[in-house]
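Take a look at the structure set out below.
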Amino acid sequence: MEPDPTLVVAYASARAAVLERIAAACARVGREPASVKLIAVSKMVDAKRLRAAVAAGLTELGENRIQEAAAKAPLVPGAAWHLVGHLQGNKARLALGIFETIESVDSIELAQRLDRLVGEGAGATRLPILLQVNVDEDPAKDGFEADGLRSTLAAILTLPNVEVRGLMTVGRLAEAPGQARTTFAGLRAFSASLQADAPGLGPELSMGMSDDFEVAVEEGATIVRVGRAIFGERLQTDGPDHPGR
Ligand SMILES: *Cc1c(COP(=O)(O)O)cnc(C)c1O
């Protein structure tokens, strides 16, 4: 299980390049680079490559499919896994055995189920979660509608076994330049307005992917989820979050 040294060098340089771009985006808006966490989205990347990625310092990995993550996680020691795709209730228990953070909580029912399972001892003592928001009201996307979340947030914040660290969004596929910025600014403004009423909501903003993470950082992202800019193009389409890509 020794990582392939050639791959380690390649991923270390890919990581450095992305971190440099994050730092440059931070500099443009007067932010500290340390305020942005890089999640390497590793869907469709095999365990061999991921062992090299972890050795190169990419220790926080994002996956959107439970079965795929369940198969890879035991083969990739030293990684912390983030779920960034839709979680079906009947897979919640399995997910708790793998993921350190669930970024894609998209209904109160799912939040309640996770809370109950953690309370029964199925995972960490308090599970970090993000609430996925469909800020663009894009019918192709999962996530809370803004109004729906506004009315259920207080109930979610009372759940004792989940810690709501903040919000996450998946931007629309860029139709026009500037669309991504509107989405990211929208999530930041929405978070601020929710926090005014509900201080228990954490400040994290998970937004930005390979094509737009710098814009996301300029607009306040604290977590960016970057796949292709690190691992290269994926060979197939990768599920409902990215129709047609
Ligand atoms: C695939 C995926 C990413 C990463 O996308 P890239 O374009 O490869 O950077 C980020 N977030 C989610 C939810 C994803 O499904």
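As shown in the structure tokens, the chain order sets the letters A, B, ...; within each chain, residues go from 1, and ligands are also counted from 1 in the order they appear.
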
May I have the residues within 9 Å of Leu61 of chain A as JSON, numbers by chain, using only C-alpha atoms and disregarding those fewer than 4 positions away in the same chain?
{"A": [38, 39, 40, 41, 42, 43, 50, 54, 79, 80, 81, 82, 83, 225]}

If you count only C-alpha atoms and all ligand atoms, which residues end up within 6 Å of ligand 1, as a list in words?
Val41, Asn64, Val84, Gly85, Val170, Met209, Ser210, Arg225, Val226, Gly227, Arg228 and Asp241 of chain A

Could those selected residues go to a file with C-alpha atoms, as a short mmCIF file (atom, residue, chain, number, x, y, z; two decimals), in the first residue's frame?
data_model
loop_
_atom_site.label_atom_id
_atom_site.label_comp_id
_atom_site.auth_asym_id
_atom_site.auth_seq_id
_atom_site.Cartn_x
_atom_site.Cartn_y
_atom_site.Cartn_z
CA VAL A 41 -13.23 15.86 -4.51
CA ASN A 64 -20.75 12.13 -3.63
CA VAL A 84 -20.88 16.26 -0.84
CA GLY A 85 -23.72 14.43 -2.62
CA VAL A 170 -23.59 23.66 -5.77
CA MET A 209 -15.44 23.92 -7.66
CA SER A 210 -12.67 23.60 -10.26
CA ARG A 225 -14.51 21.49 -3.25
CA VAL A 226 -12.07 20.92 -6.07
CA GLY A 227 -11.94 17.75 -8.18
CA ARG A 228 -10.77 18.08 -11.78
CA ASP A 241 -25.31 17.20 -9.46
#

Pick out each residue of segment 105-214 of chain A that DSSP on the backbone tags as alpha helix (DSSP H); I need them as a PyMOL selection string.
chain A and resi 108-119+146-157+179-197+213-214

Selection from above, N, CA and C atoms, as a CSV table (one decimal), in the first residue's frame, can you write it?
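Just written: again.csv:
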chain,number,residue,atom,x,y,z
A,108,ILE,N,-35.0,18.4,6.6
A,108,ILE,CA,-35.0,18.3,8.0
A,108,ILE,C,-35.1,16.8,8.4
A,109,GLU,N,-35.8,16.0,7.6
A,109,GLU,CA,-35.9,14.6,7.9
A,109,GLU,C,-34.5,13.9,7.9
A,110,LEU,N,-33.7,14.3,7.0
A,110,LEU,CA,-32.3,13.7,7.0
A,110,LEU,C,-31.5,14.2,8.3
A,111,ALA,N,-31.7,15.5,8.6
A,111,ALA,CA,-31.0,16.0,9.8
A,111,ALA,C,-31.4,15.3,11.0
A,112,GLN,N,-32.8,15.0,11.1
A,112,GLN,CA,-33.3,14.3,12.3
A,112,GLN,C,-32.8,12.9,12.3
A,113,ARG,N,-32.8,12.3,11.2
A,113,ARG,CA,-32.3,10.9,11.1
A,113,ARG,C,-30.8,10.8,11.6
A,114,LEU,N,-30.0,11.7,11.1
A,114,LEU,CA,-28.6,11.6,11.4
A,114,LEU,C,-28.5,11.9,12.9
A,115,ASP,N,-29.2,12.8,13.4
A,115,ASP,CA,-29.2,13.1,14.9
A,115,ASP,C,-29.5,11.9,15.7
A,116,ARG,N,-30.6,11.2,15.3
A,116,ARG,CA,-31.0,10.0,16.0
A,116,ARG,C,-29.9,8.9,16.0
A,117,LEU,N,-29.4,8.7,14.8
A,117,LEU,CA,-28.4,7.6,14.6
A,117,LEU,C,-27.1,8.0,15.4
A,118,VAL,N,-26.7,9.2,15.4
A,118,VAL,CA,-25.5,9.6,16.2
A,118,VAL,C,-25.8,9.4,17.7
A,119,GLY,N,-27.1,9.8,18.1
A,119,GLY,CA,-27.5,9.6,19.5
A,119,GLY,C,-27.5,8.1,19.9
A,146,ALA,N,-34.6,28.5,-0.1
A,146,ALA,CA,-34.2,29.5,0.9
A,146,ALA,C,-35.4,29.6,1.9
A,147,ASP,N,-36.6,29.8,1.4
A,147,ASP,CA,-37.7,30.0,2.3
A,147,ASP,C,-38.0,28.8,3.2
A,148,GLY,N,-37.8,27.6,2.7
A,148,GLY,CA,-38.0,26.4,3.4
A,148,GLY,C,-37.0,26.3,4.6
A,149,LEU,N,-35.8,26.6,4.3
A,149,LEU,CA,-34.7,26.6,5.3
A,149,LEU,C,-35.0,27.6,6.4
A,150,ARG,N,-35.4,28.8,6.0
A,150,ARG,CA,-35.6,29.8,6.9
A,150,ARG,C,-36.7,29.4,8.0
A,151,SER,N,-37.7,28.6,7.5
A,151,SER,CA,-38.7,28.2,8.5
A,151,SER,C,-38.3,27.0,9.3
A,152,THR,N,-37.4,26.2,8.8
A,152,THR,CA,-37.0,24.9,9.6
A,152,THR,C,-35.7,25.0,10.3
A,153,LEU,N,-34.9,26.1,10.1
A,153,LEU,CA,-33.6,26.1,10.7
A,153,LEU,C,-33.6,26.0,12.2
A,154,ALA,N,-34.6,26.7,12.8
A,154,ALA,CA,-34.6,26.7,14.3
A,154,ALA,C,-34.7,25.3,14.8
A,155,ALA,N,-35.6,24.5,14.1
A,155,ALA,CA,-35.8,23.1,14.6
A,155,ALA,C,-34.5,22.3,14.4
A,156,ILE,N,-33.8,22.5,13.3
A,156,ILE,CA,-32.6,21.8,13.0
A,156,ILE,C,-31.6,22.1,14.1
A,157,LEU,N,-31.5,23.4,14.5
A,157,LEU,CA,-30.5,23.8,15.4
A,157,LEU,C,-30.8,23.2,16.8
A,179,GLN,N,-22.5,34.4,-13.5
A,179,GLN,CA,-23.5,33.7,-12.8
A,179,GLN,C,-23.0,33.0,-11.5
A,180,ALA,N,-21.8,32.5,-11.6
A,180,ALA,CA,-21.3,31.8,-10.4
A,180,ALA,C,-21.2,32.8,-9.2
A,181,ARG,N,-20.7,34.0,-9.6
A,181,ARG,CA,-20.5,35.0,-8.5
A,181,ARG,C,-21.8,35.4,-7.9
A,182,THR,N,-22.9,35.5,-8.7
A,182,THR,CA,-24.2,35.8,-8.1
A,182,THR,C,-24.6,34.7,-7.2
A,183,THR,N,-24.4,33.5,-7.6
A,183,THR,CA,-24.8,32.3,-6.7
A,183,THR,C,-24.0,32.4,-5.4
A,184,PHE,N,-22.7,32.6,-5.4
A,184,PHE,CA,-21.9,32.6,-4.2
A,184,PHE,C,-22.2,33.8,-3.3
A,185,ALA,N,-22.4,35.0,-3.9
A,185,ALA,CA,-22.7,36.1,-3.1
A,185,ALA,C,-24.1,35.9,-2.5
A,186,GLY,N,-25.0,35.2,-3.2
A,186,GLY,CA,-26.3,34.9,-2.7
A,186,GLY,C,-26.2,34.0,-1.5
A,187,LEU,N,-25.4,33.0,-1.5
A,187,LEU,CA,-25.3,32.1,-0.4
A,187,LEU,C,-24.7,32.9,0.8
A,188,ARG,N,-23.7,33.7,0.6
A,188,ARG,CA,-23.1,34.5,1.7
A,188,ARG,C,-24.2,35.4,2.3
A,189,ALA,N,-24.9,36.1,1.5
A,189,ALA,CA,-25.9,37.0,2.0
A,189,ALA,C,-27.0,36.2,2.8
A,190,PHE,N,-27.4,35.1,2.3
A,190,PHE,CA,-28.4,34.3,2.9
A,190,PHE,C,-27.9,33.8,4.3
A,191,SER,N,-26.7,33.4,4.3
A,191,SER,CA,-26.1,32.9,5.6
A,191,SER,C,-26.1,34.0,6.6
A,192,ALA,N,-25.7,35.2,6.2
A,192,ALA,CA,-25.7,36.4,7.1
A,192,ALA,C,-27.1,36.7,7.6
A,193,SER,N,-28.1,36.6,6.7
A,193,SER,CA,-29.4,36.9,7.2
A,193,SER,C,-30.0,35.8,8.1
A,194,LEU,N,-29.6,34.6,7.9
A,194,LEU,CA,-30.1,33.5,8.8
A,194,LEU,C,-29.4,33.7,10.1
A,195,GLN,N,-28.1,34.0,10.1
A,195,GLN,CA,-27.3,34.1,11.4
A,195,GLN,C,-27.8,35.2,12.2
A,196,ALA,N,-28.4,36.2,11.6
A,196,ALA,CA,-28.9,37.4,12.4
A,196,ALA,C,-30.0,36.9,13.3
A,197,ASP,N,-30.8,35.9,12.8
A,197,ASP,CA,-31.9,35.4,13.7
A,197,ASP,C,-31.5,34.1,14.4
A,213,PHE,N,-13.6,28.2,-8.2
A,213,PHE,CA,-13.3,28.3,-6.8
A,213,PHE,C,-12.7,29.7,-6.4
A,214,GLU,N,-12.0,30.3,-7.4
A,214,GLU,CA,-11.4,31.6,-7.0
A,214,GLU,C,-12.5,32.7,-6.8

Go through A:Pro33, A:Ser107, A:Glu100, A:Met44 one by one, measure the shortest atom-to-atom distance of each to Glu60 of chain A using only C-alpha atoms, and give the residue with the smallest value.
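Under the stated criterion, the closest residue is A:Glu100.
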
Sel. of strand (DSSP E or B) residues, segment 61-233 of chain A, as an mmCIF file with all heavy atoms, in the first residue's frame:
data_model
loop_
_atom_site.group_PDB
_atom_site.id
_atom_site.type_symbol
_atom_site.label_atom_id
_atom_site.label_comp_id
_atom_site.auth_asym_id
_atom_site.auth_seq_id
_atom_site.Cartn_x
_atom_site.Cartn_y
_atom_site.Cartn_z
ATOM 1 N N LEU A 61 -10.931 14.514 1.750
ATOM 2 C CA LEU A 61 -11.444 14.050 0.464
ATOM 3 C C LEU A 61 -12.963 14.151 0.437
ATOM 4 O O LEU A 61 -13.639 13.876 1.433
ATOM 5 C CB LEU A 61 -11.009 12.601 0.217
ATOM 6 C CG LEU A 61 -9.492 12.348 0.227
ATOM 7 C CD1 LEU A 61 -9.200 10.867 -0.017
ATOM 8 C CD2 LEU A 61 -8.769 13.217 -0.804
ATOM 9 N N GLY A 62 -13.501 14.547 -0.702
ATOM 10 C CA GLY A 62 -14.948 14.675 -0.875
ATOM 11 C C GLY A 62 -15.465 13.630 -1.830
ATOM 12 O O GLY A 62 -14.866 13.381 -2.878
ATOM 13 N N GLU A 63 -16.582 13.007 -1.473
ATOM 14 C CA GLU A 63 -17.200 11.995 -2.336
ATOM 15 C C GLU A 63 -18.693 12.285 -2.415
ATOM 16 O O GLU A 63 -19.279 12.810 -1.464
ATOM 17 C CB GLU A 63 -17.004 10.592 -1.749
ATOM 18 C CG GLU A 63 -15.565 10.106 -1.783
ATOM 19 C CD GLU A 63 -15.140 9.554 -3.149
ATOM 20 O OE1 GLU A 63 -16.023 9.159 -3.947
ATOM 21 O OE2 GLU A 63 -13.917 9.527 -3.412
ATOM 22 N N ALA A 80 -9.687 12.112 5.733
ATOM 23 C CA ALA A 80 -10.951 12.474 6.357
ATOM 24 C C ALA A 80 -11.937 12.727 5.220
ATOM 25 O O ALA A 80 -11.652 13.489 4.296
ATOM 26 C CB ALA A 80 -10.788 13.730 7.204
ATOM 27 N N TRP A 81 -13.093 12.069 5.281
ATOM 28 C CA TRP A 81 -14.030 12.072 4.156
ATOM 29 C C TRP A 81 -15.188 13.020 4.404
ATOM 30 O O TRP A 81 -15.765 13.051 5.495
ATOM 31 C CB TRP A 81 -14.554 10.654 3.917
ATOM 32 C CG TRP A 81 -13.460 9.673 3.654
ATOM 33 C CD1 TRP A 81 -12.709 9.022 4.603
ATOM 34 C CD2 TRP A 81 -12.948 9.252 2.380
ATOM 35 N NE1 TRP A 81 -11.771 8.228 3.977
ATOM 36 C CE2 TRP A 81 -11.890 8.342 2.624
ATOM 37 C CE3 TRP A 81 -13.293 9.552 1.055
ATOM 38 C CZ2 TRP A 81 -11.179 7.738 1.590
ATOM 39 C CZ3 TRP A 81 -12.591 8.944 0.031
ATOM 40 C CH2 TRP A 81 -11.546 8.046 0.295
ATOM 41 N N HIS A 82 -15.521 13.765 3.352
ATOM 42 C CA HIS A 82 -16.678 14.670 3.392
ATOM 43 C C HIS A 82 -17.692 14.179 2.373
ATOM 44 O O HIS A 82 -17.330 13.974 1.209
ATOM 45 C CB HIS A 82 -16.281 16.095 2.999
ATOM 46 C CG HIS A 82 -15.387 16.770 3.980
ATOM 47 N ND1 HIS A 82 -15.728 17.958 4.583
ATOM 48 C CD2 HIS A 82 -14.171 16.428 4.470
ATOM 49 C CE1 HIS A 82 -14.750 18.319 5.402
ATOM 50 N NE2 HIS A 82 -13.789 17.414 5.355
ATOM 51 N N LEU A 83 -18.930 14.034 2.785
ATOM 52 C CA LEU A 83 -19.963 13.694 1.812
ATOM 53 C C LEU A 83 -20.485 14.978 1.186
ATOM 54 O O LEU A 83 -20.923 15.895 1.891
ATOM 55 C CB LEU A 83 -21.106 12.920 2.468
ATOM 56 C CG LEU A 83 -22.224 12.516 1.486
ATOM 57 C CD1 LEU A 83 -21.708 11.571 0.403
ATOM 58 C CD2 LEU A 83 -23.392 11.879 2.227
ATOM 59 N N THR A 101 -17.735 14.556 7.961
ATOM 60 C CA THR A 101 -18.648 15.694 7.807
ATOM 61 C C THR A 101 -19.629 15.368 6.691
ATOM 62 O O THR A 101 -19.234 14.851 5.653
ATOM 63 C CB THR A 101 -17.863 16.967 7.401
ATOM 64 O OG1 THR A 101 -16.884 17.241 8.396
ATOM 65 C CG2 THR A 101 -18.781 18.171 7.248
ATOM 66 N N ILE A 102 -20.906 15.684 6.920
ATOM 67 C CA ILE A 102 -21.898 15.546 5.854
ATOM 68 C C ILE A 102 -22.225 16.967 5.391
ATOM 69 O O ILE A 102 -22.873 17.724 6.112
ATOM 70 C CB ILE A 102 -23.193 14.848 6.356
ATOM 71 C CG1 ILE A 102 -22.874 13.573 7.141
ATOM 72 C CG2 ILE A 102 -24.148 14.602 5.189
ATOM 73 C CD1 ILE A 102 -22.731 12.303 6.400
ATOM 74 N N GLU A 103 -21.749 17.310 4.196
ATOM 75 C CA GLU A 103 -21.931 18.683 3.704
ATOM 76 C C GLU A 103 -23.275 18.870 3.010
ATOM 77 O O GLU A 103 -23.638 19.988 2.678
ATOM 78 C CB GLU A 103 -20.828 19.039 2.701
ATOM 79 C CG GLU A 103 -19.449 19.139 3.299
ATOM 80 C CD GLU A 103 -18.517 20.034 2.465
ATOM 81 O OE1 GLU A 103 -18.997 20.714 1.534
ATOM 82 O OE2 GLU A 103 -17.317 20.022 2.759
ATOM 83 N N SER A 104 -23.956 17.767 2.736
ATOM 84 C CA SER A 104 -25.095 17.819 1.814
ATOM 85 C C SER A 104 -26.403 17.453 2.498
ATOM 86 O O SER A 104 -27.234 16.775 1.916
ATOM 87 C CB SER A 104 -24.811 16.871 0.651
ATOM 88 O OG SER A 104 -24.257 15.645 1.138
ATOM 89 N N VAL A 105 -26.603 17.932 3.721
ATOM 90 C CA VAL A 105 -27.886 17.697 4.393
ATOM 91 C C VAL A 105 -28.917 18.609 3.735
ATOM 92 O O VAL A 105 -28.754 19.837 3.732
ATOM 93 C CB VAL A 105 -27.777 17.963 5.910
ATOM 94 C CG1 VAL A 105 -29.153 17.869 6.567
ATOM 95 C CG2 VAL A 105 -26.806 16.970 6.549
ATOM 96 N N LEU A 127 -21.965 15.271 15.236
ATOM 97 C CA LEU A 127 -21.620 15.175 13.815
ATOM 98 C C LEU A 127 -21.629 16.550 13.160
ATOM 99 O O LEU A 127 -22.651 17.229 13.162
ATOM 100 C CB LEU A 127 -22.655 14.279 13.121
ATOM 101 C CG LEU A 127 -22.497 14.165 11.602
ATOM 102 C CD1 LEU A 127 -21.295 13.288 11.258
ATOM 103 C CD2 LEU A 127 -23.775 13.622 10.970
ATOM 104 N N PRO A 128 -20.494 16.958 12.563
ATOM 105 C CA PRO A 128 -20.502 18.217 11.814
ATOM 106 C C PRO A 128 -21.302 18.061 10.520
ATOM 107 O O PRO A 128 -21.074 17.117 9.761
ATOM 108 C CB PRO A 128 -19.022 18.461 11.491
ATOM 109 C CG PRO A 128 -18.248 17.528 12.371
ATOM 110 C CD PRO A 128 -19.154 16.364 12.627
ATOM 111 N N ILE A 129 -22.221 18.968 10.298
ATOM 112 C CA ILE A 129 -22.987 18.957 9.049
ATOM 113 C C ILE A 129 -23.033 20.365 8.458
ATOM 114 O O ILE A 129 -22.854 21.366 9.161
ATOM 115 C CB ILE A 129 -24.439 18.439 9.231
ATOM 116 C CG1 ILE A 129 -25.262 19.367 10.138
ATOM 117 C CG2 ILE A 129 -24.447 17.008 9.773
ATOM 118 C CD1 ILE A 129 -26.773 19.023 10.168
ATOM 119 N N LEU A 130 -23.276 20.409 7.151
ATOM 120 C CA LEU A 130 -23.620 21.652 6.476
ATOM 121 C C LEU A 130 -24.994 21.453 5.865
ATOM 122 O O LEU A 130 -25.374 20.323 5.535
ATOM 123 C CB LEU A 130 -22.603 21.995 5.377
ATOM 124 C CG LEU A 130 -21.138 22.148 5.781
ATOM 125 C CD1 LEU A 130 -20.290 22.480 4.543
ATOM 126 C CD2 LEU A 130 -20.950 23.219 6.832
ATOM 127 N N LEU A 131 -25.718 22.527 5.707
ATOM 128 C CA LEU A 131 -27.034 22.458 5.088
ATOM 129 C C LEU A 131 -26.902 22.923 3.643
ATOM 130 O O LEU A 131 -26.405 24.026 3.377
ATOM 131 C CB LEU A 131 -28.020 23.352 5.856
ATOM 132 C CG LEU A 131 -28.140 22.993 7.349
ATOM 133 C CD1 LEU A 131 -29.046 24.001 8.065
ATOM 134 C CD2 LEU A 131 -28.662 21.570 7.544
ATOM 135 N N GLN A 132 -27.306 22.054 2.732
ATOM 136 C CA GLN A 132 -27.173 22.386 1.311
ATOM 137 C C GLN A 132 -28.348 23.246 0.876
ATOM 138 O O GLN A 132 -29.508 22.894 1.097
ATOM 139 C CB GLN A 132 -27.117 21.110 0.467
ATOM 140 C CG GLN A 132 -26.942 21.409 -1.017
ATOM 141 C CD GLN A 132 -26.713 20.166 -1.857
ATOM 142 O OE1 GLN A 132 -26.526 19.069 -1.333
ATOM 143 N NE2 GLN A 132 -26.731 20.337 -3.163
ATOM 144 N N VAL A 133 -28.036 24.363 0.266
ATOM 145 C CA VAL A 133 -29.061 25.323 -0.140
ATOM 146 C C VAL A 133 -29.052 25.447 -1.662
ATOM 147 O O VAL A 133 -28.003 25.572 -2.282
ATOM 148 C CB VAL A 133 -28.783 26.716 0.481
ATOM 149 C CG1 VAL A 133 -29.912 27.683 0.136
ATOM 150 C CG2 VAL A 133 -28.615 26.614 1.986
ATOM 151 N N PHE A 144 -32.111 22.662 0.220
ATOM 152 C CA PHE A 144 -33.238 23.429 0.741
ATOM 153 C C PHE A 144 -33.508 24.625 -0.165
ATOM 154 O O PHE A 144 -32.573 25.278 -0.643
ATOM 155 C CB PHE A 144 -32.886 24.005 2.114
ATOM 156 C CG PHE A 144 -32.825 23.007 3.223
ATOM 157 C CD1 PHE A 144 -31.629 22.402 3.563
ATOM 158 C CD2 PHE A 144 -33.969 22.698 3.962
ATOM 159 C CE1 PHE A 144 -31.563 21.494 4.618
ATOM 160 C CE2 PHE A 144 -33.910 21.805 5.025
ATOM 161 C CZ PHE A 144 -32.705 21.191 5.351
ATOM 162 N N VAL A 162 -26.096 16.871 16.168
ATOM 163 C CA VAL A 162 -25.491 17.400 14.947
ATOM 164 C C VAL A 162 -25.077 18.849 15.203
ATOM 165 O O VAL A 162 -25.746 19.577 15.942
ATOM 166 C CB VAL A 162 -26.425 17.322 13.705
ATOM 167 C CG1 VAL A 162 -26.722 15.883 13.346
ATOM 168 C CG2 VAL A 162 -27.688 18.127 13.906
ATOM 169 N N GLU A 163 -23.953 19.202 14.620
ATOM 170 C CA GLU A 163 -23.448 20.567 14.775
ATOM 171 C C GLU A 163 -23.529 21.241 13.407
ATOM 172 O O GLU A 163 -22.827 20.836 12.475
ATOM 173 C CB GLU A 163 -22.004 20.497 15.251
ATOM 174 C CG GLU A 163 -21.382 21.840 15.504
ATOM 175 C CD GLU A 163 -19.908 21.685 15.904
ATOM 176 O OE1 GLU A 163 -19.552 20.687 16.565
ATOM 177 O OE2 GLU A 163 -19.138 22.570 15.503
ATOM 178 N N VAL A 164 -24.375 22.239 13.282
ATOM 179 C CA VAL A 164 -24.613 22.853 11.978
ATOM 180 C C VAL A 164 -23.537 23.919 11.742
ATOM 181 O O VAL A 164 -23.642 25.047 12.202
ATOM 182 C CB VAL A 164 -26.028 23.452 11.879
ATOM 183 C CG1 VAL A 164 -26.276 23.931 10.451
ATOM 184 C CG2 VAL A 164 -27.079 22.422 12.280
ATOM 185 N N ARG A 165 -22.508 23.508 11.027
ATOM 186 C CA ARG A 165 -21.352 24.398 10.868
ATOM 187 C C ARG A 165 -21.557 25.488 9.843
ATOM 188 O O ARG A 165 -20.775 26.429 9.785
ATOM 189 C CB ARG A 165 -20.137 23.569 10.463
ATOM 190 C CG ARG A 165 -19.728 22.585 11.546
ATOM 191 C CD ARG A 165 -18.234 22.607 11.763
ATOM 192 N NE ARG A 165 -17.890 21.815 12.926
ATOM 193 C CZ ARG A 165 -16.874 20.967 12.967
ATOM 194 N NH1 ARG A 165 -16.099 20.807 11.912
ATOM 195 N NH2 ARG A 165 -16.621 20.297 14.079
ATOM 196 N N GLY A 166 -22.569 25.345 8.975
ATOM 197 C CA GLY A 166 -22.787 26.380 7.976
ATOM 198 C C GLY A 166 -23.564 25.851 6.790
ATOM 199 O O GLY A 166 -24.321 24.886 6.920
ATOM 200 N N LEU A 167 -23.370 26.496 5.659
ATOM 201 C CA LEU A 167 -24.151 26.214 4.460
ATOM 202 C C LEU A 167 -23.257 25.754 3.314
ATOM 203 O O LEU A 167 -22.071 26.058 3.277
ATOM 204 C CB LEU A 167 -24.904 27.482 4.007
ATOM 205 C CG LEU A 167 -25.819 28.159 5.038
ATOM 206 C CD1 LEU A 167 -26.501 29.372 4.407
ATOM 207 C CD2 LEU A 167 -26.855 27.190 5.609
ATOM 208 N N MET A 168 -23.859 25.033 2.390
ATOM 209 C CA MET A 168 -23.145 24.549 1.207
ATOM 210 C C MET A 168 -24.048 24.779 0.000
ATOM 211 O O MET A 168 -25.272 24.724 0.117
ATOM 212 C CB MET A 168 -22.871 23.056 1.405
ATOM 213 C CG MET A 168 -22.205 22.345 0.256
ATOM 214 S SD MET A 168 -23.356 21.650 -0.944
ATOM 215 C CE MET A 168 -22.516 20.129 -1.340
ATOM 216 N N GLU A 204 -19.516 28.492 8.280
ATOM 217 C CA GLU A 204 -18.870 27.912 7.101
ATOM 218 C C GLU A 204 -19.713 28.130 5.846
ATOM 219 O O GLU A 204 -20.947 28.035 5.872
ATOM 220 C CB GLU A 204 -18.659 26.397 7.280
ATOM 221 C CG GLU A 204 -17.838 26.004 8.471
ATOM 222 C CD GLU A 204 -16.341 26.321 8.332
ATOM 223 O OE1 GLU A 204 -15.896 26.653 7.210
ATOM 224 O OE2 GLU A 204 -15.642 26.234 9.349
ATOM 225 N N LEU A 205 -19.017 28.381 4.739
ATOM 226 C CA LEU A 205 -19.647 28.497 3.419
ATOM 227 C C LEU A 205 -18.876 27.599 2.470
ATOM 228 O O LEU A 205 -17.747 27.905 2.095
ATOM 229 C CB LEU A 205 -19.583 29.940 2.907
ATOM 230 C CG LEU A 205 -20.400 30.984 3.660
ATOM 231 C CD1 LEU A 205 -20.096 32.383 3.101
ATOM 232 C CD2 LEU A 205 -21.899 30.690 3.538
ATOM 233 N N SER A 206 -19.471 26.460 2.118
ATOM 234 C CA SER A 206 -18.826 25.525 1.187
ATOM 235 C C SER A 206 -19.354 25.816 -0.206
ATOM 236 O O SER A 206 -20.512 25.538 -0.523
ATOM 237 C CB SER A 206 -19.136 24.082 1.592
ATOM 238 O OG SER A 206 -18.612 23.183 0.625
ATOM 239 N N ILE A 223 -14.795 26.858 2.494
ATOM 240 C CA ILE A 223 -14.482 25.501 2.024
ATOM 241 C C ILE A 223 -14.669 25.508 0.519
ATOM 242 O O ILE A 223 -15.710 25.964 0.032
ATOM 243 C CB ILE A 223 -15.447 24.464 2.653
ATOM 244 C CG1 ILE A 223 -15.323 24.446 4.180
ATOM 245 C CG2 ILE A 223 -15.206 23.070 2.066
ATOM 246 C CD1 ILE A 223 -16.396 23.593 4.870
ATOM 247 N N VAL A 224 -13.656 25.068 -0.222
ATOM 248 C CA VAL A 224 -13.829 24.886 -1.668
ATOM 249 C C VAL A 224 -13.678 23.393 -1.968
ATOM 250 O O VAL A 224 -12.897 22.693 -1.331
ATOM 251 C CB VAL A 224 -12.846 25.732 -2.517
ATOM 252 C CG1 VAL A 224 -13.160 27.220 -2.378
ATOM 253 C CG2 VAL A 224 -11.395 25.464 -2.141
ATOM 254 N N ARG A 225 -14.469 22.929 -2.930
ATOM 255 C CA ARG A 225 -14.507 21.492 -3.254
ATOM 256 C C ARG A 225 -13.983 21.320 -4.674
ATOM 257 O O ARG A 225 -14.689 21.576 -5.646
ATOM 258 C CB ARG A 225 -15.953 20.988 -3.162
ATOM 259 C CG ARG A 225 -16.650 21.325 -1.837
ATOM 260 C CD ARG A 225 -18.070 20.779 -1.843
ATOM 261 N NE ARG A 225 -18.822 21.179 -3.016
ATOM 262 C CZ ARG A 225 -19.614 22.244 -3.082
ATOM 263 N NH1 ARG A 225 -19.809 23.021 -2.034
ATOM 264 N NH2 ARG A 225 -20.244 22.534 -4.204
ATOM 265 N N VAL A 226 -12.750 20.905 -4.775
ATOM 266 C CA VAL A 226 -12.070 20.915 -6.072
ATOM 267 C C VAL A 226 -11.717 19.492 -6.501
ATOM 268 O O VAL A 226 -11.012 18.780 -5.771
ATOM 269 C CB VAL A 226 -10.799 21.791 -5.996
ATOM 270 C CG1 VAL A 226 -10.080 21.795 -7.342
ATOM 271 C CG2 VAL A 226 -11.156 23.219 -5.576
#

Excluding Pro77 of chain A and residues on its chain fewer than 3 positions from it, collect all residues at most 10 Å away from it, counting only C-alpha atoms, and give them as number ranges by chain.
A: 1, 47, 50-51, 54-55, 59, 72-74, 80
